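A.B. asks: Can you read through this structure? Questions will come right after.
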Amino acid sequence: PRSTLFPYTTLFRSEALEHNIRQRDQLQLFEIGPVFLPNSAATLPDEEPHVAIAICGKRHPSAWDAKSPLNYDFYDMKGIIEAVLSALHISDHTISAGAHPTFHPGKCASLSIGGEEIGIFGELHPLVQDNYDFLEAAVIAADLNLRHLFAHIPDSFTSQPLNTFPPVIEDLAMIVPEATLSADIEAVIKTNGGFLLQQIDLFRSEEHTSELQS
């Protein structure tokens, strides 16, 4: 039984990515399908609906009056997933470092909601990508359990009126040990920011030493 849509999904099994990457310089695809999980208490495996997402190619379409665009990367997929969670009004989620043989080590993350793992995403492992003709662009993919995801959608939500005051945007620089995870930094900011904090955008600017980063 398969526990993930990769590589069984037709996004990779068919010519969806291999063929179209030669026709377009930007691809955004998704597929919904069943995943089968072993169940020792039943004759048949459990069947769970999953969604597979794949992006590949240029972040922005090429144009004569624009600089050469960058390719999609891990953070583009992270943004897509966060946009889906926001649209579903799911806020109690955590994105942390993950590991899966399908994905590149160090470029893989796990999505959890309320402490329950919902899915995994990242850049395809080079050994996986070598089995396909994706040209040179990296393929960024995600696999999410829809049943678990939908279970966390609130029955109702409160709409917030538009604020009549402009936002206060603070730019903070911190020097932390190299091994510090961005999720840990974000958790500290959220804890101390309280109800006044609306949004966090983390980025890494430079390395100060071999043991410290900004």
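Numbering starts fresh at 1 for the residues of each chain in the structure tokens, the chains themselves are lettered A, B, ... in the order given, and ligands are numbered from 1 as they appear.
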Please identify the helix (DSSP H, G or I) residues within range 52-201 of chain A (assignment by DSSP from backbone atoms) and present them as a count of residues only.
C.D. replies: 38
A.B. asks: Would you give me, as CSV, each residue of range 155-187 of chain A having an atom within 12 Å of an atom of range 106-121 of chain A, along with its shortest atom pair and that distance in Å to one decimal, using only C-alpha atoms and sorting by chain and residue number?
C.D. replies:
```
residue,atom,partner,partner_atom,distance
A:Leu181,CA,A:Gly106,CA,11.8
A:Ser182,CA,A:Ala109,CA,11.8
A:Ala183,CA,A:Ala109,CA,10.9
```
A.B. asks: Rank A:Met77, A:Ser62, A:Glu170, A:Pro69 by their smallest atom-to-atom distance to Ile200 in chain A, using only C-alpha atoms, and report the top residue only.
C.D. replies: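 Using only C-alpha atoms, the shortest distance to Ile200 in chain A belongs to A:Glu170.
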A.B. asks: Leaving out Val128 in chain A and any residue of its chain fewer than 3 positions from it, which residues lie within 9 Å of it when counting only C-alpha atoms, given as a PyMOL selection string?
C.D. replies: chain A and resi 7+101-103+124-125+131-132
A.B. asks: Leaving out Asp133 in chain A and any residue of its chain fewer than 2 positions from it, which residues lie within 10 Å of it when counting only C-alpha atoms, given as a VMD selection string?
C.D. replies: chain A and resid 15 17 to 19 21 to 22 129 to 131 135 to 136
A.B. asks: How would the residues just chosen look if you wrote them out with all heavy atoms as a tab-separated table (two decimals), in the first residue's frame?
C.D. replies:
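Result written to out-v1.tsv:
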```
chain	number	residue	atom	x	y	z
A	15	GLU	N	3.10	12.38	-18.43
A	15	GLU	CA	3.95	13.39	-19.05
A	15	GLU	C	3.62	14.79	-18.55
A	15	GLU	O	4.11	15.77	-19.11
A	15	GLU	CB	3.80	13.33	-20.57
A	15	GLU	CG	4.23	12.01	-21.19
A	15	GLU	CD	4.02	12.00	-22.69
A	15	GLU	OE1	3.32	12.91	-23.20
A	15	GLU	OE2	4.56	11.11	-23.35
A	17	LEU	N	4.49	16.80	-16.07
A	17	LEU	CA	5.61	17.69	-15.83
A	17	LEU	C	6.68	17.57	-16.90
A	17	LEU	O	7.18	18.57	-17.42
A	17	LEU	CB	6.22	17.42	-14.46
A	17	LEU	CG	5.54	18.06	-13.25
A	17	LEU	CD1	6.20	17.57	-11.97
A	17	LEU	CD2	5.61	19.57	-13.33
A	18	GLU	N	7.04	16.34	-17.25
A	18	GLU	CA	8.12	16.13	-18.20
A	18	GLU	C	7.85	16.79	-19.54
A	18	GLU	O	8.72	17.41	-20.14
A	18	GLU	CB	8.35	14.62	-18.40
A	18	GLU	CG	9.07	13.95	-17.25
A	18	GLU	CD	9.38	12.51	-17.57
A	18	GLU	OE1	8.43	11.74	-17.81
A	18	GLU	OE2	10.57	12.16	-17.59
A	19	HIS	N	6.61	16.65	-20.03
A	19	HIS	CA	6.28	17.20	-21.34
A	19	HIS	C	6.08	18.71	-21.28
A	19	HIS	O	6.62	19.46	-22.09
A	19	HIS	CB	5.01	16.53	-21.88
A	19	HIS	CG	4.52	17.13	-23.16
A	19	HIS	ND1	5.18	16.95	-24.36
A	19	HIS	CD2	3.45	17.92	-23.43
A	19	HIS	CE1	4.52	17.59	-25.31
A	19	HIS	NE2	3.47	18.19	-24.76
A	21	ILE	N	7.09	21.02	-19.18
A	21	ILE	CA	8.21	21.88	-18.83
A	21	ILE	C	8.95	22.31	-20.08
A	21	ILE	O	9.66	23.33	-20.09
A	21	ILE	CB	9.16	21.19	-17.83
A	21	ILE	CG1	10.11	22.21	-17.18
A	21	ILE	CG2	9.94	20.09	-18.51
A	21	ILE	CD1	9.45	23.30	-16.42
A	22	ARG	N	8.80	21.57	-21.18
A	22	ARG	CA	9.43	21.94	-22.45
A	22	ARG	C	8.56	22.92	-23.24
A	22	ARG	O	9.02	23.53	-24.20
A	22	ARG	CB	9.71	20.70	-23.29
A	22	ARG	CG	10.70	19.74	-22.63
A	22	ARG	CD	10.99	18.53	-23.49
A	22	ARG	NE	12.01	17.69	-22.87
A	22	ARG	CZ	13.31	17.91	-22.94
A	22	ARG	NH1	13.76	18.94	-23.61
A	22	ARG	NH2	14.17	17.10	-22.35
A	129	GLN	N	14.64	13.03	-8.95
A	129	GLN	CA	14.50	13.88	-10.13
A	129	GLN	C	15.27	13.31	-11.32
A	129	GLN	O	14.87	13.53	-12.47
A	129	GLN	CB	14.99	15.29	-9.80
A	129	GLN	CG	14.67	16.31	-10.87
A	129	GLN	CD	14.58	17.72	-10.31
A	129	GLN	OE1	14.17	17.92	-9.18
A	129	GLN	NE2	14.96	18.70	-11.11
A	130	ASP	N	16.35	12.58	-11.08
A	130	ASP	CA	17.14	12.00	-12.17
A	130	ASP	C	16.35	10.96	-12.96
A	130	ASP	O	16.72	10.62	-14.09
A	130	ASP	CB	18.42	11.37	-11.63
A	130	ASP	CG	19.46	12.42	-11.24
A	130	ASP	OD1	19.29	13.59	-11.64
A	130	ASP	OD2	20.42	12.08	-10.54
A	131	ASN	N	15.27	10.42	-12.37
A	131	ASN	CA	14.46	9.43	-13.07
A	131	ASN	C	13.54	10.06	-14.11
A	131	ASN	O	12.86	9.35	-14.84
A	131	ASN	CB	13.62	8.64	-12.07
A	131	ASN	CG	14.47	7.75	-11.18
A	131	ASN	OD1	15.40	7.11	-11.65
A	131	ASN	ND2	14.18	7.73	-9.89
A	135	LEU	N	14.56	18.76	-17.12
A	135	LEU	CA	15.57	19.75	-17.47
A	135	LEU	C	16.35	20.13	-16.21
A	135	LEU	O	16.56	19.30	-15.35
A	135	LEU	CB	14.91	20.96	-18.13
A	135	LEU	CG	14.10	20.64	-19.43
A	135	LEU	CD1	13.55	21.92	-20.04
A	135	LEU	CD2	14.96	19.90	-20.44
A	136	GLU	N	16.76	21.38	-16.08
A	136	GLU	CA	17.61	21.76	-14.95
A	136	GLU	C	16.82	22.34	-13.78
A	136	GLU	O	17.35	22.46	-12.68
A	136	GLU	CB	18.65	22.78	-15.41
A	136	GLU	CG	19.63	22.23	-16.45
A	136	GLU	CD	20.67	23.26	-16.86
A	136	GLU	OE1	20.62	24.39	-16.31
A	136	GLU	OE2	21.52	22.93	-17.69
```
A.B. asks: Do a neighbour search on range 52-58 of chain A at 9 Å with only C-alpha atoms, toss out local chain neighbours closer than 4 positions, and write the hits as a ChimeraX atom specification.
C.D. replies: /A:4-6,9,11,17,21,24-33,62,69-73,76-77,121,134,136-144
A.B. asks: Taking only C-alpha atoms into account, name the residue in A:Leu212, A:Val51, A:Leu44, A:Leu172 that is nearest to Leu146 in chain A.
C.D. replies: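 Looking at the shortest contact to Leu146 in chain A, the residue is A:Val51.
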A.B. asks: Please report, as a short mmCIF file (atom, residue, chain, number, x, y, z; two decimals) with C-alpha atoms, in the first residue's frame, each residue of range 47-175 of chain A to which DSSP assigns strand (DSSP E or B) when run on this structure's backbone.
C.D. replies:
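Written output follows (selection_35.cif):
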```cif
data_model
loop_
_atom_site.label_atom_id
_atom_site.label_comp_id
_atom_site.auth_asym_id
_atom_site.auth_seq_id
_atom_site.Cartn_x
_atom_site.Cartn_y
_atom_site.Cartn_z
CA GLU A 47 -8.09 4.92 2.14
CA GLU A 48 -7.24 8.58 2.68
CA PRO A 49 -7.77 11.47 0.22
CA HIS A 50 -4.55 13.40 -0.46
CA VAL A 51 -3.63 16.35 -2.64
CA ALA A 52 -0.31 16.50 -4.47
CA ILE A 53 1.03 19.87 -5.61
CA ALA A 54 4.00 20.49 -7.89
CA ILE A 55 5.62 23.70 -9.11
CA CYS A 56 8.55 23.99 -11.46
CA GLY A 57 10.25 26.58 -13.64
CA LYS A 58 10.34 30.36 -13.49
CA ASN A 71 13.17 29.68 -10.46
CA HIS A 93 -0.25 25.36 12.28
CA THR A 94 3.46 24.68 12.51
CA ILE A 95 6.01 24.21 9.73
CA SER A 96 9.16 22.46 10.90
CA ALA A 97 12.13 20.64 9.42
CA PHE A 103 12.72 15.03 -0.86
CA HIS A 104 16.11 16.73 -0.80
CA PRO A 105 17.80 16.58 2.64
CA GLY A 106 17.69 20.02 4.20
CA LYS A 107 15.01 21.23 1.77
CA CYS A 108 12.07 19.36 3.26
CA ALA A 109 9.46 20.47 5.81
CA SER A 110 6.56 18.95 7.72
CA LEU A 111 3.19 20.67 8.18
CA SER A 112 1.38 20.10 11.48
CA ILE A 113 -1.93 21.52 12.69
CA GLU A 116 -1.14 16.54 14.12
CA GLU A 117 1.05 16.01 11.05
CA ILE A 118 -0.94 16.92 7.94
CA GLY A 119 1.63 16.63 5.18
CA ILE A 120 5.12 17.18 3.88
CA PHE A 121 6.67 19.33 1.17
CA GLY A 122 10.03 20.27 -0.30
CA GLU A 123 12.36 20.00 -3.26
CA LEU A 124 12.52 16.59 -4.93
CA VAL A 139 10.72 20.46 -8.83
CA ILE A 140 9.06 21.58 -5.59
CA ALA A 141 6.27 19.28 -4.42
CA ALA A 142 3.84 18.83 -1.54
CA ASP A 143 1.64 15.99 -0.27
CA LEU A 144 -1.20 16.86 2.15
CA ASN A 145 -3.79 14.63 3.84
#
```
A.B. asks: For Glu178 in chain A, which residue among A:Asp46, A:Phe195, A:Glu211, A:Pro38 is the nearest when counting only C-alpha atoms?
C.D. replies: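 The answer is A:Glu211, which sits nearest to Glu178 in chain A.
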A.B. asks: Would you list the contacts of Pro45 in chain A as a list in words, taking every protein, DNA or RNA residue within 8 Å and counting only C-alpha atoms, but skipping same-chain residues closer than 6 positions in sequence?
C.D. replies: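 So, after excluding close chain neighbours, the residues are Pro1, Phe36, Leu37, Pro38 and Asn39 of chain A.
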